[in-house]
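Trainee: Contents of data34.txt (compact mmCIF, N, CA and C atoms):
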```
# COMPACT_ATOMS: atom_id res chain seq x y z
N MET A 1 -2.27 -123.75 75.19
CA MET A 1 -3.41 -122.90 74.98
C MET A 1 -4.54 -123.44 75.85
N GLU A 2 -5.23 -122.54 76.49
CA GLU A 2 -6.32 -122.95 77.35
C GLU A 2 -7.53 -122.06 77.10
N SER A 3 -8.68 -122.69 77.02
CA SER A 3 -9.93 -121.94 76.90
C SER A 3 -10.89 -122.45 77.95
N VAL A 4 -12.09 -121.93 77.94
CA VAL A 4 -13.09 -122.36 78.91
C VAL A 4 -13.40 -123.84 78.76
N LYS A 5 -13.40 -124.34 77.51
CA LYS A 5 -13.82 -125.72 77.25
C LYS A 5 -12.69 -126.70 77.01
N SER A 6 -11.47 -126.24 76.74
CA SER A 6 -10.42 -127.20 76.41
C SER A 6 -9.02 -126.65 76.68
N VAL A 7 -8.07 -127.56 76.62
CA VAL A 7 -6.65 -127.22 76.73
C VAL A 7 -5.95 -127.90 75.56
N SER A 8 -5.09 -127.16 74.86
CA SER A 8 -4.37 -127.69 73.70
C SER A 8 -2.92 -127.29 73.76
N ASP A 9 -2.06 -128.10 73.16
CA ASP A 9 -0.66 -127.74 73.03
C ASP A 9 -0.51 -126.71 71.92
N LEU A 10 0.51 -125.90 72.03
CA LEU A 10 0.84 -124.92 71.00
C LEU A 10 2.15 -125.35 70.37
N TYR A 11 2.16 -125.49 69.05
CA TYR A 11 3.35 -125.93 68.33
C TYR A 11 3.91 -124.79 67.52
N SER A 12 5.22 -124.69 67.48
CA SER A 12 5.91 -123.67 66.71
C SER A 12 6.61 -124.32 65.52
N PRO A 13 6.58 -123.67 64.36
CA PRO A 13 7.24 -124.24 63.19
C PRO A 13 8.76 -124.04 63.19
N VAL A 14 9.27 -123.34 64.21
CA VAL A 14 10.71 -123.07 64.28
C VAL A 14 11.24 -123.40 65.67
N ASP A 15 12.53 -123.69 65.76
CA ASP A 15 13.21 -123.84 67.03
C ASP A 15 13.82 -122.50 67.40
N GLY A 16 13.90 -122.24 68.67
CA GLY A 16 14.52 -121.00 69.10
C GLY A 16 14.23 -120.71 70.55
N GLU A 17 14.49 -119.48 70.94
CA GLU A 17 14.33 -119.03 72.31
C GLU A 17 13.22 -117.98 72.37
N VAL A 18 12.26 -118.19 73.25
CA VAL A 18 11.21 -117.19 73.47
C VAL A 18 11.86 -116.00 74.16
N ILE A 19 11.79 -114.84 73.53
CA ILE A 19 12.44 -113.65 74.08
C ILE A 19 11.45 -112.62 74.61
N GLU A 20 10.17 -112.79 74.27
CA GLU A 20 9.16 -111.86 74.78
C GLU A 20 7.80 -112.54 74.72
N VAL A 21 6.98 -112.26 75.74
CA VAL A 21 5.62 -112.79 75.81
C VAL A 21 4.67 -111.59 75.88
N ASN A 22 3.57 -111.66 75.17
CA ASN A 22 2.61 -110.56 75.13
C ASN A 22 1.77 -110.56 76.41
N ALA A 23 2.12 -109.72 77.35
CA ALA A 23 1.43 -109.64 78.64
C ALA A 23 0.00 -109.12 78.49
N GLU A 24 -0.30 -108.40 77.41
CA GLU A 24 -1.66 -107.88 77.20
C GLU A 24 -2.69 -109.01 77.09
N LEU A 25 -2.25 -110.19 76.67
CA LEU A 25 -3.18 -111.31 76.51
C LEU A 25 -3.73 -111.80 77.85
N GLU A 26 -2.99 -111.58 78.92
CA GLU A 26 -3.49 -112.00 80.24
C GLU A 26 -4.77 -111.25 80.60
N GLY A 27 -4.84 -109.99 80.24
CA GLY A 27 -6.03 -109.18 80.52
C GLY A 27 -7.10 -109.29 79.46
N ASP A 28 -6.71 -109.63 78.23
CA ASP A 28 -7.67 -109.71 77.13
C ASP A 28 -7.25 -110.78 76.13
N PRO A 29 -7.47 -112.06 76.46
CA PRO A 29 -7.07 -113.14 75.56
C PRO A 29 -7.81 -113.14 74.23
N SER A 30 -8.93 -112.44 74.14
CA SER A 30 -9.68 -112.39 72.88
C SER A 30 -8.90 -111.67 71.78
N LEU A 31 -7.83 -110.97 72.14
CA LEU A 31 -6.99 -110.31 71.13
C LEU A 31 -6.40 -111.31 70.13
N VAL A 32 -6.17 -112.54 70.58
CA VAL A 32 -5.62 -113.56 69.69
C VAL A 32 -6.53 -113.76 68.48
N ASN A 33 -7.83 -113.80 68.71
CA ASN A 33 -8.79 -113.96 67.62
C ASN A 33 -9.09 -112.66 66.91
N ALA A 34 -9.19 -111.58 67.66
CA ALA A 34 -9.58 -110.30 67.09
C ALA A 34 -8.47 -109.65 66.27
N GLU A 35 -7.22 -109.76 66.72
CA GLU A 35 -6.10 -109.08 66.07
C GLU A 35 -4.86 -109.97 66.03
N PRO A 36 -4.92 -111.13 65.36
CA PRO A 36 -3.78 -112.06 65.41
C PRO A 36 -2.49 -111.52 64.80
N TYR A 37 -2.57 -110.58 63.87
CA TYR A 37 -1.36 -110.04 63.25
C TYR A 37 -0.97 -108.68 63.83
N ALA A 38 -1.66 -108.24 64.87
CA ALA A 38 -1.35 -106.95 65.50
C ALA A 38 -1.23 -107.16 67.00
N ALA A 39 -2.18 -106.67 67.77
CA ALA A 39 -2.10 -106.72 69.24
C ALA A 39 -2.24 -108.13 69.81
N GLY A 40 -2.70 -109.10 69.00
CA GLY A 40 -2.93 -110.45 69.50
C GLY A 40 -1.77 -111.41 69.38
N TRP A 41 -0.58 -110.90 69.09
CA TRP A 41 0.58 -111.81 69.00
C TRP A 41 0.82 -112.45 70.37
N MET A 42 1.36 -113.67 70.38
CA MET A 42 1.56 -114.39 71.63
C MET A 42 2.97 -114.27 72.18
N PHE A 43 3.96 -114.49 71.30
CA PHE A 43 5.34 -114.44 71.77
C PHE A 43 6.28 -114.16 70.61
N ARG A 44 7.45 -113.66 70.93
CA ARG A 44 8.50 -113.42 69.94
C ARG A 44 9.60 -114.45 70.18
N VAL A 45 10.13 -114.96 69.08
CA VAL A 45 11.13 -116.02 69.15
C VAL A 45 12.41 -115.59 68.45
N ARG A 46 13.54 -115.79 69.11
CA ARG A 46 14.83 -115.65 68.44
C ARG A 46 15.08 -117.01 67.80
N VAL A 47 15.00 -117.05 66.48
CA VAL A 47 15.08 -118.31 65.74
C VAL A 47 16.49 -118.88 65.81
N ALA A 48 16.56 -120.18 66.06
CA ALA A 48 17.85 -120.87 66.09
C ALA A 48 18.53 -120.73 64.73
N GLN A 49 19.85 -120.82 64.72
CA GLN A 49 20.62 -120.70 63.48
C GLN A 49 21.05 -122.07 62.99
N ASP A 50 21.20 -122.16 61.66
CA ASP A 50 21.72 -123.40 61.10
C ASP A 50 23.25 -123.36 61.15
N GLY A 51 23.91 -124.32 60.57
CA GLY A 51 25.37 -124.41 60.62
C GLY A 51 26.09 -123.23 60.00
N SER A 52 25.44 -122.52 59.07
CA SER A 52 26.08 -121.37 58.42
C SER A 52 25.83 -120.06 59.14
N GLY A 53 25.02 -120.10 60.20
CA GLY A 53 24.71 -118.87 60.93
C GLY A 53 23.42 -118.21 60.46
N ALA A 54 22.76 -118.78 59.45
CA ALA A 54 21.48 -118.24 58.97
C ALA A 54 20.35 -118.80 59.82
N PRO A 55 19.21 -118.08 59.88
CA PRO A 55 18.07 -118.61 60.62
C PRO A 55 17.65 -119.98 60.08
N ALA A 56 17.37 -120.91 60.97
CA ALA A 56 16.97 -122.27 60.59
C ALA A 56 15.47 -122.30 60.37
N LEU A 57 15.03 -121.83 59.20
CA LEU A 57 13.61 -121.80 58.87
C LEU A 57 13.25 -122.98 57.98
N PRO A 58 12.10 -123.60 58.23
CA PRO A 58 11.68 -124.69 57.36
C PRO A 58 11.47 -124.19 55.92
N ALA A 59 11.83 -124.99 54.95
CA ALA A 59 11.70 -124.60 53.54
C ALA A 59 10.25 -124.35 53.16
N ASP A 60 9.31 -125.02 53.83
CA ASP A 60 7.90 -124.88 53.48
C ASP A 60 7.14 -123.93 54.41
N LEU A 61 7.84 -123.08 55.15
CA LEU A 61 7.19 -122.11 56.04
C LEU A 61 6.45 -121.08 55.19
N LEU A 62 5.18 -120.84 55.51
CA LEU A 62 4.36 -119.91 54.75
C LEU A 62 4.38 -118.52 55.37
N SER A 63 4.26 -117.52 54.52
CA SER A 63 4.07 -116.15 55.00
C SER A 63 2.61 -116.03 55.44
N ALA A 64 2.27 -114.93 56.10
CA ALA A 64 0.88 -114.71 56.52
C ALA A 64 -0.05 -114.68 55.31
N ALA A 65 0.37 -114.03 54.24
CA ALA A 65 -0.46 -113.95 53.02
C ALA A 65 -0.64 -115.33 52.39
N GLU A 66 0.43 -116.12 52.36
CA GLU A 66 0.33 -117.47 51.79
C GLU A 66 -0.60 -118.35 52.64
N TYR A 67 -0.51 -118.22 53.95
CA TYR A 67 -1.39 -118.99 54.84
C TYR A 67 -2.83 -118.59 54.66
N ASP A 68 -3.09 -117.29 54.55
CA ASP A 68 -4.43 -116.78 54.33
C ASP A 68 -5.01 -117.35 53.04
N GLU A 69 -4.22 -117.35 51.98
CA GLU A 69 -4.66 -117.89 50.71
C GLU A 69 -4.94 -119.39 50.81
N LEU A 70 -4.07 -120.12 51.50
CA LEU A 70 -4.26 -121.55 51.68
C LEU A 70 -5.55 -121.87 52.42
N THR A 71 -5.82 -121.12 53.47
CA THR A 71 -7.04 -121.40 54.25
C THR A 71 -8.29 -120.99 53.49
N LYS A 72 -8.21 -119.98 52.64
CA LYS A 72 -9.37 -119.60 51.82
C LYS A 72 -9.68 -120.68 50.79
N SER A 73 -8.63 -121.25 50.19
CA SER A 73 -8.85 -122.25 49.15
C SER A 73 -9.22 -123.61 49.73
N ALA A 74 -8.96 -123.82 51.02
CA ALA A 74 -9.28 -125.10 51.65
C ALA A 74 -10.74 -125.21 52.06
N GLY A 75 -11.44 -124.11 51.97
CA GLY A 75 -12.88 -124.20 52.26
C GLY A 75 -13.28 -123.44 53.43
```
Would you put the structure from the file into structure tokens?
Mentor:
Amino acid sequence: MESVKSVSDLYSPVDGEVIEVNAELEGDPSLVNAEPYAAGWMFRVRVAQDGSGAPALPADLLSAAEYDELTKSAG
């Protein structure tokens, strides 16, 4: 991630293959802040599978609603 003032690494909670990148962000990176759950998405990932063929998702992965609630209660 790069902004006018800093550069930061982007971490993903899952392993997998990036299958699509949102090209609209090149022309309007502010979409990430303005519409993070709609037009501001960054990339789509094909999630790696575990040994049984199911998606290898962390047990503590939060949904968008759970994350929203967590950040509201954190202050």
Trainee: Padding 4 Å on each side, edges along x, y and z: where is the centre of the box around the listed atoms of stretch 31-41 of chain A, and how long are its edges in Å to one decimal? Output it as AutoDock Vina command-line options.
Mentor:
```
--center_x -4.4 --center_y -110.3 --center_z 67.7 --size_x 18.4 --size_y 15.3 --size_z 16.9
```
Trainee: Which residues, written as a list of chain:residue names, have at least one atom at most 10 Å from A:Pro13, with only C-alpha atoms counted and residues fewer than 2 positions away on the same chain left out?
Mentor: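 My reading of the contact set: A:Tyr11, A:Asp15, A:Gly16, A:Leu57, A:Pro58, A:Asp60, A:Leu61, A:Leu62.
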Trainee: Atom CA of A:Arg44 and atom CA of A:Val18, how far apart in Å?
Mentor: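 Spanning atom CA of A:Val18 to atom CA of A:Arg44 is a straight-line distance of 5.8 Å.
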Trainee: For A:Phe43, which residue among A:Asp28, A:Asp68, A:Glu17, A:Asp9 is the nearest when counting only C-alpha atoms?
Mentor: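 The shortest atom-to-atom distance to A:Phe43 comes from A:Glu17.
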Trainee: Write down as a compact mmCIF listing (two decimals) with N, CA and C atoms, keeping the file's coordinate frame the residues belonging to chain A that are assigned helix (DSSP H, G or I) by DSSP computed on the backbone.
Mentor:
```
# COMPACT_ATOMS: atom_id res chain seq x y z
N GLU A 24 -0.30 -108.40 77.41
CA GLU A 24 -1.66 -107.88 77.20
C GLU A 24 -2.69 -109.01 77.09
N LEU A 25 -2.25 -110.19 76.67
CA LEU A 25 -3.18 -111.31 76.51
C LEU A 25 -3.73 -111.80 77.85
N GLU A 26 -2.99 -111.58 78.92
CA GLU A 26 -3.49 -112.00 80.24
C GLU A 26 -4.77 -111.25 80.60
N GLY A 27 -4.84 -109.99 80.24
CA GLY A 27 -6.03 -109.18 80.52
C GLY A 27 -7.10 -109.29 79.46
N LEU A 31 -7.83 -110.97 72.14
CA LEU A 31 -6.99 -110.31 71.13
C LEU A 31 -6.40 -111.31 70.13
N VAL A 32 -6.17 -112.54 70.58
CA VAL A 32 -5.62 -113.56 69.69
C VAL A 32 -6.53 -113.76 68.48
N ASN A 33 -7.83 -113.80 68.71
CA ASN A 33 -8.79 -113.96 67.62
C ASN A 33 -9.09 -112.66 66.91
N ALA A 34 -9.19 -111.58 67.66
CA ALA A 34 -9.58 -110.30 67.09
C ALA A 34 -8.47 -109.65 66.27
N ALA A 64 2.27 -114.93 56.10
CA ALA A 64 0.88 -114.71 56.52
C ALA A 64 -0.05 -114.68 55.31
N ALA A 65 0.37 -114.03 54.24
CA ALA A 65 -0.46 -113.95 53.02
C ALA A 65 -0.64 -115.33 52.39
N GLU A 66 0.43 -116.12 52.36
CA GLU A 66 0.33 -117.47 51.79
C GLU A 66 -0.60 -118.35 52.64
N TYR A 67 -0.51 -118.22 53.95
CA TYR A 67 -1.39 -118.99 54.84
C TYR A 67 -2.83 -118.59 54.66
N ASP A 68 -3.09 -117.29 54.55
CA ASP A 68 -4.43 -116.78 54.33
C ASP A 68 -5.01 -117.35 53.04
N GLU A 69 -4.22 -117.35 51.98
CA GLU A 69 -4.66 -117.89 50.71
C GLU A 69 -4.94 -119.39 50.81
N LEU A 70 -4.07 -120.12 51.50
CA LEU A 70 -4.26 -121.55 51.68
C LEU A 70 -5.55 -121.87 52.42
N THR A 71 -5.82 -121.12 53.47
CA THR A 71 -7.04 -121.40 54.25
C THR A 71 -8.29 -120.99 53.49
N LYS A 72 -8.21 -119.98 52.64
CA LYS A 72 -9.37 -119.60 51.82
C LYS A 72 -9.68 -120.68 50.79
N SER A 73 -8.63 -121.25 50.19
CA SER A 73 -8.85 -122.25 49.15
C SER A 73 -9.22 -123.61 49.73
```
Trainee: Just checking: using only C-alpha atoms, which residue out of A:Val32, A:Val14, A:Ala59, A:Ile19 ends up closest to A:Val47?
Mentor: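 With only C-alpha atoms as the atom set, the closest residue is A:Val14.
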Trainee: Given the choices A:Val7, A:Gln49, A:Gly40, A:Glu66, which gets closest to A:Leu25 if the distance is worked out from only C-alpha atoms?
Mentor: A:Gly40
